[in-house]
Each structure stands twice: as C-alpha cells, then as structure tokens.
$ cat work_33.tsv   # TSV, C-alpha atoms and all ligand atoms
chain	number	residue	atom	x	y	z
A	1	MET	CA	2.10	16.35	-21.89
A	2	LEU	CA	4.66	13.63	-22.77
A	3	ILE	CA	6.79	12.27	-19.94
A	4	LEU	CA	9.76	9.93	-20.23
A	5	GLY	CA	9.85	7.67	-17.14
A	6	ILE	CA	12.99	5.87	-15.99
A	7	GLU	CA	13.07	3.11	-13.37
A	8	THR	CA	16.15	1.29	-12.02
A	9	SER	CA	15.44	0.95	-8.29
A	10	CYS	CA	15.97	-2.81	-8.08
A	11	ASP	CA	16.35	-5.48	-10.75
A	12	GLU	CA	14.32	-4.08	-13.65
A	13	THR	CA	15.81	-1.60	-16.11
A	14	ALA	CA	12.81	0.23	-17.51
A	15	ALA	CA	11.86	3.26	-19.59
A	16	ALA	CA	8.43	4.39	-20.80
A	17	ILE	CA	6.68	7.26	-22.53
A	18	VAL	CA	3.32	8.24	-21.06
A	19	LYS	CA	0.92	10.90	-22.34
A	20	ASP	CA	-0.99	13.00	-19.79
A	21	GLY	CA	-0.34	10.51	-17.00
A	22	ARG	CA	-2.74	7.87	-18.27
A	23	GLU	CA	-1.95	6.84	-21.84
A	24	VAL	CA	1.09	4.58	-22.30
A	25	LEU	CA	2.84	5.10	-25.65
A	26	SER	CA	5.65	2.68	-24.79
A	27	ASN	CA	6.69	0.63	-21.77
A	28	VAL	CA	10.01	-1.19	-22.11
A	29	VAL	CA	11.21	-3.42	-19.26
A	30	PHE	CA	14.37	-5.49	-19.11
A	31	SER	CA	14.14	-7.91	-16.19
A	32	GLN	CA	17.44	-9.04	-14.68
A	33	ILE	CA	15.74	-11.87	-12.79
A	34	GLN	CA	17.49	-14.66	-14.71
A	35	LYS	CA	20.89	-13.23	-13.77
A	36	HIS	CA	20.02	-13.09	-10.06
A	37	GLN	CA	18.11	-16.38	-9.89
A	38	GLU	CA	21.17	-18.56	-9.34
A	39	TRP	CA	21.95	-16.58	-6.17
A	40	GLY	CA	18.39	-16.83	-4.82
A	41	GLY	CA	18.06	-13.05	-4.52
A	42	VAL	CA	19.15	-9.74	-6.01
A	43	ILE	CA	22.92	-9.08	-5.84
A	44	PRO	CA	23.28	-5.26	-5.78
A	45	GLU	CA	26.66	-5.16	-7.57
A	46	ILE	CA	25.38	-7.32	-10.45
A	47	ALA	CA	22.18	-5.24	-10.61
A	48	SER	CA	24.12	-1.96	-11.03
A	49	ARG	CA	26.35	-3.38	-13.75
A	50	LEU	CA	23.38	-4.70	-15.72
A	51	HIS	CA	21.52	-1.38	-15.38
A	52	LEU	CA	24.58	0.37	-16.76
A	53	GLU	CA	24.69	-2.00	-19.75
A	54	LYS	CA	20.98	-1.71	-20.54
A	55	ILE	CA	19.87	1.79	-19.59
A	56	LEU	CA	20.66	3.62	-22.84
A	57	PRO	CA	19.32	0.93	-25.23
A	58	ILE	CA	16.15	0.67	-23.11
A	59	ILE	CA	15.58	4.45	-23.16
A	60	LYS	CA	16.18	4.47	-26.91
A	61	SER	CA	13.67	1.62	-27.42
A	62	SER	CA	11.06	3.48	-25.37
A	63	LEU	CA	11.42	6.54	-27.62
A	64	ASP	CA	11.45	4.44	-30.82
A	65	GLU	CA	8.39	2.41	-29.81
A	66	ALA	CA	6.46	5.55	-28.92
A	67	LYS	CA	7.69	7.18	-32.16
A	68	VAL	CA	8.71	10.35	-30.32
A	69	SER	CA	12.02	12.19	-30.17
A	70	MET	CA	13.73	13.62	-27.09
A	71	GLN	CA	12.78	17.09	-28.39
A	72	GLU	CA	9.09	16.21	-28.08
A	73	ILE	CA	9.40	15.06	-24.44
A	74	ASP	CA	8.07	17.61	-21.91
A	75	ALA	CA	9.78	16.23	-18.79
A	76	ILE	CA	11.77	13.30	-17.44
A	77	ALA	CA	10.58	11.44	-14.32
A	78	VAL	CA	12.98	9.09	-12.56
A	79	SER	CA	12.83	6.84	-9.47
A	80	SER	CA	15.17	8.37	-6.91
A	81	LYS	CA	14.10	6.48	-3.74
A	82	PRO	CA	13.76	4.00	-2.13
A	83	GLY	CA	15.87	1.22	-3.61
A	84	LEU	CA	19.38	-0.10	-4.15
A	85	VAL	CA	21.56	3.01	-4.18
A	86	GLY	CA	23.96	1.74	-6.87
A	87	SER	CA	21.00	0.85	-9.10
A	88	LEU	CA	19.11	4.10	-8.52
A	89	LEU	CA	22.26	6.05	-9.38
A	90	ILE	CA	22.39	4.58	-12.90
A	91	GLY	CA	18.83	5.66	-13.75
A	92	VAL	CA	19.16	9.03	-12.04
A	93	ASN	CA	22.44	9.83	-13.77
A	94	ALA	CA	21.04	8.84	-17.16
A	95	ALA	CA	17.99	11.05	-16.47
A	96	LYS	CA	20.08	14.01	-15.27
A	97	THR	CA	22.37	13.77	-18.30
A	98	LEU	CA	19.43	13.71	-20.73
A	99	ALA	CA	17.74	16.56	-18.86
A	100	TRP	CA	20.92	18.62	-19.00
A	101	ILE	CA	21.67	17.98	-22.67
A	102	HIS	CA	18.11	18.46	-23.89
A	103	LYS	CA	17.20	21.17	-21.36
A	104	LYS	CA	14.23	19.24	-19.97
A	105	PRO	CA	12.66	19.48	-16.52
A	106	ILE	CA	13.45	16.49	-14.31
A	107	ILE	CA	11.11	15.10	-11.63
A	108	PRO	CA	12.53	12.81	-8.92
A	109	ILE	CA	9.91	10.20	-7.99
A	110	ASN	CA	9.33	8.16	-4.85
A	111	HIS	CA	9.09	4.63	-6.29
A	112	LEU	CA	6.22	3.82	-3.87
A	113	PHE	CA	4.21	6.81	-5.14
A	114	GLY	CA	4.91	5.39	-8.61
A	115	HIS	CA	3.28	2.07	-7.66
A	116	ILE	CA	0.16	3.98	-6.56
A	117	CYS	CA	0.07	5.94	-9.85
A	118	ALA	CA	0.14	2.66	-11.84
A	119	ASN	CA	-3.60	2.70	-11.15
A	120	TYR	CA	-4.16	5.91	-13.12
A	121	ILE	CA	-2.93	4.22	-16.29
A	122	ASP	CA	-5.71	3.31	-18.75
A	123	SER	CA	-8.32	4.39	-16.19
A	124	ASP	CA	-10.18	7.49	-15.04
A	125	LEU	CA	-9.46	6.84	-11.34
A	126	GLU	CA	-9.33	9.91	-9.11
A	127	PRO	CA	-8.50	10.34	-5.40
A	128	PRO	CA	-9.59	10.12	-2.62
A	129	PHE	CA	-8.92	6.39	-2.11
A	130	VAL	CA	-7.21	3.98	0.23
A	131	CYS	CA	-4.28	2.13	-1.30
A	132	LEU	CA	-2.80	-1.19	-0.32
A	133	LEU	CA	0.81	-1.22	-1.46
A	134	ALA	CA	2.29	-4.70	-1.25
A	135	SER	CA	5.65	-5.27	-2.89
A	136	GLY	CA	8.91	-7.10	-2.21
A	137	GLY	CA	10.14	-4.41	0.16
A	138	HIS	CA	6.98	-2.68	1.41
A	139	THR	CA	3.54	-3.45	2.79
A	140	GLN	CA	1.55	-0.36	3.62
A	141	ILE	CA	-1.97	0.98	3.82
A	142	ILE	CA	-1.89	4.50	2.44
A	143	LYS	CA	-4.55	7.19	2.43
A	144	VAL	CA	-4.46	9.12	-0.86
A	145	PRO	CA	-6.56	12.30	-0.38
A	146	ASN	CA	-5.52	13.95	-3.67
A	147	PHE	CA	-3.12	13.54	-6.61
A	148	THR	CA	-0.02	14.80	-4.79
A	149	GLU	CA	-0.30	13.79	-1.13
A	150	ILE	CA	-0.09	10.41	0.59
A	151	GLU	CA	-0.46	9.41	4.25
A	152	ILE	CA	0.83	6.02	5.44
A	153	ILE	CA	-1.64	4.76	8.07
A	154	GLY	CA	-0.38	1.20	8.51
A	155	GLU	CA	2.61	-0.96	7.60
A	156	THR	CA	4.32	-4.25	8.25
A	157	ILE	CA	6.26	-4.53	11.49
A	158	ASP	CA	8.51	-7.27	10.07
A	159	ASP	CA	8.50	-8.97	6.62
A	160	ALA	CA	6.93	-7.31	3.60
A	161	ALA	CA	4.19	-9.41	1.99
A	162	GLY	CA	6.31	-10.06	-1.13
A	163	GLU	CA	9.21	-11.08	1.06
A	164	ALA	CA	6.98	-13.59	2.88
A	165	PHE	CA	5.85	-14.98	-0.50
A	166	ASP	CA	9.47	-15.29	-1.61
A	167	LYS	CA	10.56	-17.00	1.63
A	168	VAL	CA	7.68	-19.49	1.65
A	169	ALA	CA	8.33	-20.16	-2.05
A	170	ARG	CA	11.93	-20.97	-1.16
A	171	LEU	CA	10.68	-23.53	1.40
A	172	MET	CA	8.84	-25.07	-1.55
A	173	ASP	CA	11.99	-25.09	-3.72
A	174	LEU	CA	10.47	-22.65	-6.20
A	175	PRO	CA	12.73	-20.27	-8.19
A	176	TYR	CA	13.34	-16.66	-7.16
A	177	PRO	CA	11.31	-14.42	-7.02
A	178	GLY	CA	8.89	-16.93	-5.60
A	179	GLY	CA	5.61	-14.94	-5.48
A	180	PRO	CA	4.41	-15.61	-9.04
A	181	HIS	CA	5.60	-19.25	-8.91
A	182	LEU	CA	3.81	-19.88	-5.61
A	183	ASP	CA	0.68	-18.26	-7.08
A	184	LYS	CA	0.77	-20.58	-10.12
A	185	LEU	CA	1.42	-23.63	-7.96
A	186	ALA	CA	-1.50	-22.79	-5.65
A	187	GLN	CA	-3.86	-22.56	-8.63
A	188	THR	CA	-3.00	-26.15	-9.66
A	189	ALA	CA	-4.72	-27.35	-6.45
A	190	PHE	CA	-8.00	-26.32	-8.09
A	191	GLU	CA	-7.57	-27.96	-11.49
A	192	SER	CA	-10.17	-30.67	-10.81
A	193	VAL	CA	-12.86	-28.09	-9.91
A	194	LYS	CA	-11.97	-25.48	-12.52
A	195	GLU	CA	-15.42	-24.82	-13.94
A	196	ASP	CA	-17.37	-25.27	-10.71
A	197	ASN	CA	-17.40	-22.28	-8.33
A	198	ASN	CA	-19.20	-24.06	-5.50
A	199	ALA	CA	-16.85	-27.00	-5.61
A	200	ALA	CA	-13.86	-24.61	-5.68
A	201	ASN	CA	-15.18	-22.76	-2.60
A	202	SER	CA	-15.68	-26.04	-0.71
A	203	LEU	CA	-12.20	-27.20	-1.64
A	204	CYS	CA	-10.76	-23.87	-0.47
A	205	LYS	CA	-12.46	-24.33	2.95
A	206	GLU	CA	-11.33	-27.95	3.16
A	207	ILE	CA	-7.70	-26.97	2.48
A	208	ARG	CA	-7.80	-24.16	5.07
A	209	ASN	CA	-9.17	-26.59	7.68
A	210	LYS	CA	-6.52	-29.14	6.88
A	211	TYR	CA	-3.63	-26.67	6.88
A	212	LYS	CA	-4.60	-24.03	9.44
A	213	LEU	CA	-2.35	-20.98	9.27
A	214	PRO	CA	-2.46	-18.00	11.63
A	215	ILE	CA	-3.62	-14.45	10.92
A	216	ALA	CA	-1.35	-12.27	13.07
A	217	LYS	CA	-3.04	-9.95	15.55
A	218	VAL	CA	-1.31	-6.59	15.24
A	219	LYS	CA	-2.59	-3.24	16.46
A	220	GLY	CA	-4.26	-0.70	14.19
A	221	TYR	CA	-3.60	-1.09	10.48
A	222	ASP	CA	-0.16	-2.63	10.91
A	223	PHE	CA	0.73	-6.10	9.63
A	224	SER	CA	3.07	-8.92	10.56
A	225	PHE	CA	3.96	-11.74	8.17
A	226	SER	CA	6.96	-13.33	9.82
A	227	GLY	CA	4.78	-15.56	12.07
A	228	LEU	CA	2.87	-16.83	9.04
A	229	LYS	CA	6.11	-17.66	7.24
A	230	THR	CA	7.37	-19.52	10.36
A	231	ALA	CA	4.04	-21.38	10.61
A	232	VAL	CA	4.60	-22.77	7.09
A	233	LEU	CA	8.13	-23.79	8.10
A	234	ARG	CA	6.77	-25.57	11.22
A	235	LEU	CA	4.16	-27.31	9.07
A	236	LYS	CA	6.91	-28.53	6.74
A	237	GLU	CA	8.82	-29.91	9.73
A	238	LYS	CA	5.71	-31.52	11.23
A	239	ILE	CA	4.16	-33.40	8.32
A	240	ALA	CA	5.75	-36.33	6.46
A	241	GLN	CA	7.97	-35.39	3.53
A	242	ASP	CA	5.66	-37.27	1.15
A	243	GLU	CA	2.63	-35.28	2.28
A	244	TRP	CA	4.59	-32.01	1.93
A	245	GLU	CA	5.68	-32.90	-1.60
A	246	GLN	CA	2.24	-34.11	-2.71
A	247	ASN	CA	0.25	-31.29	-1.12
A	248	LYS	CA	2.55	-28.33	-1.74
A	249	ALA	CA	-0.04	-26.73	-4.02
A	250	GLN	CA	-2.69	-26.92	-1.26
A	251	ILE	CA	-0.30	-25.48	1.32
A	252	ALA	CA	0.62	-22.69	-1.13
A	253	HIS	CA	-3.11	-21.97	-1.43
A	254	ALA	CA	-3.60	-21.95	2.36
A	255	PHE	CA	-0.70	-19.49	2.65
A	256	GLN	CA	-1.83	-17.06	-0.02
A	257	HIS	CA	-5.43	-17.18	1.16
A	258	CYS	CA	-4.21	-16.26	4.64
A	259	VAL	CA	-2.31	-13.25	3.26
A	260	ALA	CA	-5.36	-12.16	1.24
A	261	GLU	CA	-7.65	-12.55	4.28
A	262	THR	CA	-5.26	-10.51	6.46
A	263	PHE	CA	-5.29	-7.69	3.91
A	264	LYS	CA	-9.07	-7.84	3.53
A	265	GLN	CA	-9.67	-7.47	7.28
A	266	LYS	CA	-7.25	-4.58	7.82
A	267	ILE	CA	-8.26	-2.67	4.73
A	268	SER	CA	-11.98	-3.00	5.42
A	269	ALA	CA	-11.41	-1.44	8.86
A	270	ALA	CA	-9.23	1.34	7.39
A	271	MET	CA	-11.86	2.17	4.76
A	272	GLU	CA	-14.66	2.14	7.29
A	273	GLU	CA	-12.89	4.42	9.75
A	274	SER	CA	-11.53	6.88	7.21
A	275	ASN	CA	-14.89	6.97	5.44
A	276	ILE	CA	-13.21	6.42	2.08
A	277	HIS	CA	-14.88	3.70	0.08
A	278	LYS	CA	-12.58	3.28	-2.86
A	279	LEU	CA	-9.70	0.79	-2.69
A	280	VAL	CA	-6.68	0.72	-4.97
A	281	ILE	CA	-4.14	-2.10	-4.99
A	282	ALA	CA	-0.51	-1.58	-5.96
A	283	GLY	CA	2.88	-3.34	-5.97
A	284	GLY	CA	4.06	-6.74	-7.21
A	285	VAL	CA	1.85	-8.73	-4.82
A	286	ALA	CA	-1.20	-7.03	-6.42
A	287	ALA	CA	-0.67	-9.53	-9.24
A	288	ASN	CA	-1.66	-12.35	-6.87
A	289	SER	CA	-4.66	-14.28	-8.16
A	290	GLU	CA	-6.05	-15.28	-4.74
A	291	MET	CA	-5.91	-11.70	-3.48
A	292	ARG	CA	-7.81	-10.56	-6.56
A	293	LYS	CA	-10.39	-13.29	-5.99
A	294	VAL	CA	-10.90	-12.61	-2.27
A	295	PHE	CA	-11.15	-8.85	-2.85
A	296	LYS	CA	-13.53	-9.20	-5.79
A	297	ALA	CA	-15.83	-11.33	-3.62
A	298	HIS	CA	-15.74	-8.84	-0.71
A	299	PHE	CA	-15.71	-5.38	-2.34
A	300	THR	CA	-18.02	-4.14	-5.08
A	301	GLU	CA	-16.73	-3.57	-8.62
A	302	ASP	CA	-17.07	0.22	-8.13
A	303	GLN	CA	-14.99	0.15	-4.96
A	304	LEU	CA	-12.06	-1.81	-6.30
A	305	CYS	CA	-9.25	-0.85	-8.64
A	306	PHE	CA	-6.37	-3.13	-9.64
A	307	PRO	CA	-3.64	-2.00	-12.02
A	308	GLY	CA	-3.15	-4.04	-15.20
A	309	LEU	CA	-0.87	-6.99	-14.42
A	310	LYS	CA	2.10	-5.54	-16.30
A	311	TYR	CA	1.86	-2.33	-14.27
A	312	CYS	CA	1.84	-4.16	-10.89
A	313	THR	CA	5.51	-5.15	-10.89
A	314	ASP	CA	8.30	-2.61	-11.38
A	315	ASN	CA	7.98	-0.62	-14.60
A	316	ALA	CA	8.66	2.90	-15.85
A	317	ALA	CA	5.14	3.74	-17.08
A	318	MET	CA	4.07	4.13	-13.46
A	319	ILE	CA	7.04	6.46	-12.85
A	320	ALA	CA	6.13	8.61	-15.87
A	321	SER	CA	2.52	8.69	-14.69
A	322	ALA	CA	3.71	9.70	-11.19
A	323	GLY	CA	5.77	12.49	-12.79
A	324	TYR	CA	2.66	13.84	-14.45
A	325	PHE	CA	0.45	13.72	-11.36
A	326	ALA	CA	3.13	14.97	-8.97
A	327	LYS	CA	3.94	17.98	-11.09
A	328	ALA	CA	1.30	18.46	-13.78
A	329	ASP	CA	0.49	22.00	-12.76
A	330	ALA	CA	3.94	22.95	-11.64
A	331	ILE	CA	6.43	22.09	-14.37
A	332	GLU	CA	8.29	25.13	-15.60
A	333	PRO	CA	9.58	24.64	-19.16
A	334	ASP	CA	13.13	25.57	-18.16
A	335	GLU	CA	13.14	23.89	-14.78
A	336	SER	CA	16.20	21.66	-14.74
A	337	ASN	CA	16.94	21.14	-11.08
A	338	LEU	CA	19.62	18.48	-11.17
A	339	ASP	CA	20.39	18.90	-7.52
A	340	PHE	CA	18.81	15.85	-5.88
A	341	GLU	CA	20.17	12.62	-4.46
A	342	VAL	CA	19.21	8.97	-4.42
A	343	LEU	CA	18.10	7.37	-1.14
A	344	ALA	CA	17.97	3.72	-0.06
A	345	ARG	CA	14.97	4.44	2.19
A	346	VAL	CA	12.14	6.95	1.97
B	401	LIG	O1	6.70	-4.21	-6.76
B	401	LIG	P1	7.69	-5.26	-7.13
B	401	LIG	O2	7.80	-5.67	-8.57
B	401	LIG	O3	9.13	-4.87	-6.69
B	401	LIG	C1	9.39	-4.20	-5.49
B	401	LIG	O4	9.36	-2.94	-5.53
B	401	LIG	O5	9.58	-4.93	-4.49
B	401	LIG	O6	7.31	-6.53	-6.22
B	401	LIG	C2	8.05	-7.72	-6.27
B	401	LIG	C3	7.41	-8.71	-5.30
B	401	LIG	C4	8.21	-9.99	-5.16
B	401	LIG	O7	8.33	-10.32	-3.79
B	401	LIG	C5	7.36	-11.01	-5.92
B	401	LIG	O8	7.51	-12.33	-5.43
B	401	LIG	C6	5.97	-10.48	-5.65
B	401	LIG	O9	6.10	-9.07	-5.77
B	401	LIG	N1	4.98	-10.97	-6.64
B	401	LIG	C7	3.94	-11.76	-6.31
B	401	LIG	C8	3.27	-12.07	-7.52
B	401	LIG	N2	3.93	-11.45	-8.55
B	401	LIG	C9	4.97	-10.78	-7.99
B	401	LIG	N3	3.53	-12.21	-5.11
B	401	LIG	C10	2.43	-12.98	-5.10
B	401	LIG	N4	1.74	-13.35	-6.21
B	401	LIG	C11	2.11	-12.91	-7.43
B	401	LIG	N5	1.41	-13.27	-8.52
B	402	ZN	ZN	8.44	-1.79	-6.76
$ encode --input "work_33.tsv" --output "structure tokens" --more "lines below"
Ligand code: KG4
Ligand code: ZN
Amino acid sequence: MLILGIETSCDETAAAIVKDGREVLSNVVFSQIQKHQEWGGVIPEIASRLHLEKILPIIKSSLDEAKVSMQEIDAIAVSSKPGLVGSLLIGVNAAKTLAWIHKKPIIPINHLFGHICANYIDSDLEPPFVCLLASGGHTQIIKVPNFTEIEIIGETIDDAAGEAFDKVARLMDLPYPGGPHLDKLAQTAFESVKEDNNAANSLCKEIRNKYKLPIAKVKGYDFSFSGLKTAVLRLKEKIAQDEWEQNKAQIAHAFQHCVAETFKQKISAAMEESNIHKLVIAGGVAANSEMRKVFKAHFTEDQLCFPGLKYCTDNAAMIASAGYFAKADAIEPDESNLDFEVLARV
C-alpha cells in the first residue's frame, strides 16, 4: 500500500511516499527555520505563507522522487492536529483537494502519533512498547499497547523538553532552534578525550560536580523542566562572565545530561510498573546525542529503539507511516471523508 504523507503543523513543509508503513520511497522536507531565525522563534503568519508557497512543489517532488503518480497512491495521510492552525490548514486543504480530485481516501493524523510511527520506518518494531515523546511542544511518556491505540501516562507540567533546550540555548546566544546547536556545543567539551571512554566518563562526572543542576521531583511519570532552565539562568548570573563564556560547552553538557538523566529515571519506573520492556524514543529531542548515550548505557540494545535522525524532527514519512498503521485494515477504496477539522491542541 502506497501512502502520500503531508506535514505542515509547524515550520516544516513536508511530503513523503511510504510503502506499507515502513519503506520510504521519498521524503521531501523544506525547513523554514532560516526565515524564522531572525525573530528567535516561529512566526505563525510567516509560517502559513511559506507553507502556501511550498506545498505543491514539495508534494510534486515527493511523487517525482518516488517515481509514482497520484493514480498509484492508495491513500493520503495528513497532520490535522496539534499545531499552528494556519499552517495545518494549508496541508489539510492541499490533501483534501488532492483526495477529492483523485478520489483517494484521506486519513487525518495526530502529529504526535506520527512521531511514534517514525520508529516503524526501516525497522520491524511492533507494539507493545513505552514511548518517550520529546519535541518542541510536547514531553510525554506514552504506553503503546498496539498499532492503533496510545495511552499518555505522564507529561510535562510546564516547559516541553525541546522548549527548555531552546530557552537554555538562547541564554547561550545560540541560534534558534537551539536544541541541535546546544547539543553540538556540549560535544566540544569532550574533544580532548574523544577516543578515551574512561576519560570521557570522568570528565562528565567532573563537569556535573562543578555545575550541579537539579532534577525536578514531580509525582508519577510527570516532568518539570522550568526549574532546570531557571537553574541555568541563575548559574549564568552567579559566575563571572569570563567563566560563563569559556565554559559554556561544559554547562551545555551539564544541562543536557540532566535532561537525559531525568528521562532515564522516569522511563525506567514506567517500564518496570507497566511490565513493558521495550522503549521507543520519538520527537526532535530524540536526536540529542547525550540522551542516546545515557540510554544506550542503561538499556540493552534489544530494549531500545531510536528513529533514524532524519525521522526524529518533523517530516512527512512518519505521517504516511502513521496513516498506514492507523488505518491499514480499514481503508475503503472509495472512502473520501473530507469532513474533518484542524485543531491547535489534541
Ligand atoms: O519534533 P520537532 O521537530 O518539532 C515539534 O513537533 O516540536 O522538535 C523540535 C524540537 C526543538 O525544540 C529542537 O530544539 C529540538 O527538538 N531538537 C533537539 C535536537 N534536535 C532538535 N534538542 C536537543 N538535541 C538535539 N540534537
Ligand atoms: Zn513534531
């Protein structure tokens, strides 16, 4: 089954063709980041206009790259929530128009479910598993008992993890979105011990002792990251400007290690209590190198599943994959239900 996926929930205009939910034939992403960077965040009005400019050429490229025609597509899957309403509308209207003209079934997709399904791509992963979804807008622990259901068992009570990364990165004068820049900066603290694991571990401990950052105590499987972000701000105010400038990479490391450690503790408890021993990571923050390192050291290879880096951040392959797994058994060839709306929140 060939599914055309369309994603415009935030600042990426994306289209992809995926076969049987797991095999990506094309995955085209236009990132608007450069256009939003000068404002230090996504401007919804600019995002919608750029989606409108790019959506048709991007869909066309996805078909061309996959060497398939609209006639060969079995269904169209599109992100319909959550996200920026003006942005979602562009993708959803493009999808509805194509579905109507070509008489194709259309499958509205919860973008967060899409992030989970990124893990099915190029893998033979099957539920049940526990999923950590950490993106710019969401931080959740989700139980995934089967291909179609999800149960959120914990979430952030304030900032999302990606938001905390972006805010701390801003304190460090890094460009928006700060997560990947902070990650790269933190890695430079380890350049002198690159080939030596023991030395790297000692340096990691030394840095965490020097720049102690708090792990928030929150009930159950919920998280809080706003205290951690404020702790970095207080540290910046407390230490001399020279020390801040010279040791930014170390402080970035202390911060991202603290986030990774928080996740590790909560998820281990969630897996233990739900008696599910497979862990899947999703969302933009899943690209974080320290999180990957901490998790790889704590969980076994069989327990842990990370999506490929390009499927962590927003893309349409994950939406096409979600379309397949949400509806694989249920798509009627003439099902063209165009009667659904976009939603800012789930
Ligand atoms: O899932 P995503 O692409 O978009 C949303 O749906 O939010 O996630 C974007 C978030 C941003 O906050 C970005 O800074 C963060 O993911 N991010 C990272 C890394 N790459 C992206 N955070 C930490 N380390 C990274 N390597
Ligand atoms: Zn996302």
$ atom_distance --input "work_33.tsv" --atom1 "CA of Tyr221 in chain A" --atom2 "CA of Gly83 in chain A"
24.1 Å
$ residues_near_ligand --input "work_33.tsv" --ligand "ligand LIG 401 (chain B)" --cutoff "6 Å" --atoms "all atoms listed in the file" --output "PyMOL selection string"
chain A and resi 135-137+162-163+165-166+177-180+183+283-285+287-288+313-314
$ residues_near_ligand --input "work_33.tsv" --ligand "ligand ZN 402 (chain B)" --cutoff "12 Å" --atoms "only C-alpha atoms and all ligand atoms" --output "PyMOL selection string"
chain A and resi 7-14+79+81-84+110-118+133-139+160+162+282-286+311-316+318-319
$ residues_near_point --input "work_33.tsv" --point "(-6.1, -7.7, 6.5)" --cutoff "12 Å" --atoms "all atoms listed in the file" --output "ChimeraX atom specification"
/A:132,134,139-141,154-156,161,215-225,257-271,291,294-295
$ closest_residue --input "work_33.tsv" --among "A:Ser87, A:Gln241, A:Ser123, A:Gln256" --to "Ala169 in chain A" --atoms "all atoms listed in the file"
A:Gln256
$ atom_distance --input "work_33.tsv" --atom1 "CA of His253 in chain A" --atom2 "CA of Leu185 in chain A"
8.1 Å
